[in-house]
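*Asks:* Pasting a structure below so you can have a look.
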Amino acid sequence: MKTNFNMVKKFALVFLCSVLSLGVACKDNKVEGPDNPDPAPDPTPELPALPVPGDIHKYKAPLYWTIYEYAREMEMAGVPYHEMDLTSDQWDAVIDMMATKFKPYGYDMICTDGFLPQLSRDGSGYMSHYGSMPLKELVRRAKEKGLKVGVYDNPLWIKGDLNSKVAGTNYTLRSLTRNPQDNVLYPEVTDRADFTWVVTDHPGAREYIDGFFKHYHDLGVDYVRMDFMCWYEDGDPGRDHPVTCGYGRERYERGLAYICESATKYGIFTSIVMPELYNDAELERKYCNMTRIVQDTNIGGWHHFSSFNRGTIYDRWPYADNQMDGFTHWSHIGGEGKILLDGDFLRLNKCASDDERRSQVSLQLIAGGPVTIADTPETIGNYDKFYTNEELLALNADRFVGKPLSREIDSEGSCMWWGTMSNGDVVLAMFNREESGRRMSVNLSDINIDGECKVRDLWKHADEGVVSGTFEAAVPRHGCKVVKFTK
C-alpha cells in the first residue's frame, strides 16, 4: 500500500479556509493580557465511563442535495471564503428544484457544506448563519416545501466567545481548549488557527457537545456532517508538519462517544467526513451512522468515479481517490445493521456520457450509500432522470447493501456487485471501467442463484427473458448493466 500525502490533504486545505468564521473564534476570542487573562484550567475530576451506543445502525442512506458544486466553483474562481455566499433567490431555486423534481422520488433534504462562513450570531455559541442565510430561516423555507435541512459542522469545533459559559455549567469555552497540562502527540505544534478544538477530557466537554446537538434539534436540523476528524485524532502526520498537536485516540473515542450519545438523544443522523478509519474503522463503526470512504468529489465525473489514481489504496485517509476503489476496499464494513458507506457527492453534469451517469448513480445504490445531488438548478438540465430511476431507488427504500464479488482492487470481481433484496430477488450490477465496450459474465452460483430465474434490466425497465447457469451481457465503455433476478 502507498501512503497518500497529496490530493485529499490538498483539498482539505482548500476546505479549511472555508469553514470560517471559525476564524472568528480562533482569532478574535483568544485575546490574552492583564485585562483578559486566560483562566487557569479547571481541576479535572475522574472521567466518566464512556456512553455505550444503542442500536444506531437503523437508518437507510439519505437522498439529498448539497451546496458543494456552488461552493467549489466559487472557490475555483478565486472568490475569498468570506465573500462566498448564496443569495436568497438561489436558496429558493434550490428548494423549489428539490421539492418539484426530486421529493416525489424520496429526496427529502438539502444540506450545507464547508466553504461559506459559518457564523455564530445568536449568542448560543453554535452556528446560527451559513453565509448570509440564517439557519432558522433556511429550515423554515425548506419545511414549507416538505424538505429537511442538514448541516456541515463539527461538535468538536468552538465558534462562540471563548469567555462565555458552556450552557448549564460554570465552565468557559476557553476551558475546553488545550492547556499546558494536556498530554498531546506533538506538544511543540500549535494548531492551525482555522479551528478551535474541544479537548474532550476537559470538564464541560460532554455538556458542550450535548448543547451542539440540542441547538440543531431545536432549529429543526436532523443531519450533521462532521469533518476533519483525522486532524483531531493524530494531527495528520503524513504531512511535513502536523496540522494539529494530535489529541490522541482516547480523546477521539471519547468525543465520538459523546457525539453518539447526544445525537441519539436528539434523533440526529451523524455522518463522519474525514476519519482516519484506523483498526478497520473500529471507532467510526461503533459510534457513527455513516462514514465517507473516498476522496472529495472535486471536479466529479469519471475522474471521481473511476480514473483518479485507479487501483491505488493508501495506508491512511483517504485510502482511495475514486469511488469504485473506495467502495470496494471498505465494502466489508457495511451491510445490514452496520455503518453506511458514503462515496461523496455526484455532479452528473460533469460526466462525459449518459453511460457514466448511470454508472455513478448505480454504484451508490448497489453499495447501499447515499445519493447526494451536487448539480445546481443552473447545471441540472435533464439529468434529474438519472437520479429518479424508481426501480433503482427501490434498493434504497429496501435498505439494500450489495458487495463486490472480490475486494481485490481493480480486479474483474470488484466490478461485479450484487446483493439480495428483502423479498429474495437478487440484484447484480456490472461496471465497465475500461475505454471500450466489452462482454462481461458471472456464474449465477457465485451470487447464490440456483436454477432458472427471470431477468429484468433496471435501467431499460424491461424484462429480458429467463436465464440459468451463467449471465452474460454487453456493457458499454464507462457504462453498467444492472439487472434483477427473480425466481
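Residues in the C-alpha cells are named by chain (A, B, ... in the order shown) and by number from 1 within that chain; ligands are numbered from 1 in the order shown.
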Would you kindly return, as a list of chain:residue names, each protein, DNA or RNA residue with an atom no farther than 7 Å from any atom of region 248-261 of chain A, considering only C-alpha atoms and excluding same-chain residues fewer than 2 positions away?
*Replies:*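 Counting only the stated atoms, we get A:Leu50, A:Pro51, A:Pro53, A:Val184, A:Leu185, A:Thr200, A:Asp201, A:Arg206, A:Ile209, A:Glu233, A:Asp234, A:Gly246, A:Ala263, A:Thr264, A:Lys265, A:Leu283, A:Tyr287, A:Cys288.
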*Asks:* Quick one: everything within 7 Å of Lys481 (chain A), counting only C-alpha atoms, minus sequence neighbours fewer than 3 positions away in the same chain. Send it as a list in words.
*Replies:*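 Returned residues: Ala429, Met430, Phe431 and Val475 of chain A.
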*Asks:* Would you mind telling me which residue in A:Lys454, A:His241, A:His332, A:Arg140 lies nearest to Phe471 (chain A) when using only C-alpha atoms?
*Replies:*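 Result for the nearest residue to Phe471 (chain A): A:Lys454.
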*Asks:* Which residues are near Pro318 (chain A)? Cut-off 7 Å, only C-alpha atoms, ignore same chain within fewer than 3 positions. Put them as a list in words.
*Replies:*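 So, after excluding close chain neighbours, the residues are Val8, Ile293, Val294, Gln295 and Asp321 of chain A.
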*Asks:* Can you write just those residues out, all heavy atoms, as a compact mmCIF listing (two decimals), in the first residue's frame?
*Replies:*
# COMPACT_ATOMS: atom_id res chain seq x y z
N VAL A 8 -6.21 14.48 -1.03
CA VAL A 8 -7.23 14.86 -0.06
C VAL A 8 -6.73 15.95 0.83
O VAL A 8 -7.45 16.81 1.27
CB VAL A 8 -7.71 13.71 0.81
CG1 VAL A 8 -6.78 13.43 1.93
CG2 VAL A 8 -9.06 14.05 1.35
N ILE A 293 -15.75 7.18 2.57
CA ILE A 293 -14.72 6.17 2.33
C ILE A 293 -13.87 6.49 1.11
O ILE A 293 -13.17 5.62 0.58
CB ILE A 293 -15.37 4.76 2.18
CG1 ILE A 293 -16.65 4.78 1.32
CG2 ILE A 293 -15.71 4.20 3.55
CD1 ILE A 293 -16.44 4.84 -0.14
N VAL A 294 -13.89 7.75 0.69
CA VAL A 294 -13.18 8.10 -0.53
C VAL A 294 -12.86 9.60 -0.53
O VAL A 294 -13.48 10.37 0.21
CB VAL A 294 -14.02 7.72 -1.77
CG1 VAL A 294 -15.25 8.61 -1.88
CG2 VAL A 294 -13.21 7.77 -3.06
N GLN A 295 -11.93 9.98 -1.37
CA GLN A 295 -11.53 11.37 -1.61
C GLN A 295 -12.73 12.28 -1.91
O GLN A 295 -13.79 11.80 -2.31
CB GLN A 295 -10.56 11.34 -2.80
CG GLN A 295 -10.10 12.63 -3.35
CD GLN A 295 -9.26 13.38 -2.35
OE1 GLN A 295 -9.81 14.11 -1.56
NE2 GLN A 295 -7.96 13.18 -2.36
N ASP A 321 -8.83 7.24 -4.00
CA ASP A 321 -9.11 8.52 -4.63
C ASP A 321 -10.32 8.47 -5.57
O ASP A 321 -10.71 9.51 -6.11
CB ASP A 321 -7.89 9.01 -5.42
CG ASP A 321 -6.81 9.56 -4.51
OD1 ASP A 321 -7.15 10.16 -3.47
OD2 ASP A 321 -5.61 9.40 -4.83
*Asks:* Between A:Cys351, A:Val243, A:Leu219, A:Val139, single out the one closest to Ile380 (chain A), counting only C-alpha atoms.
*Replies:* A:Cys351
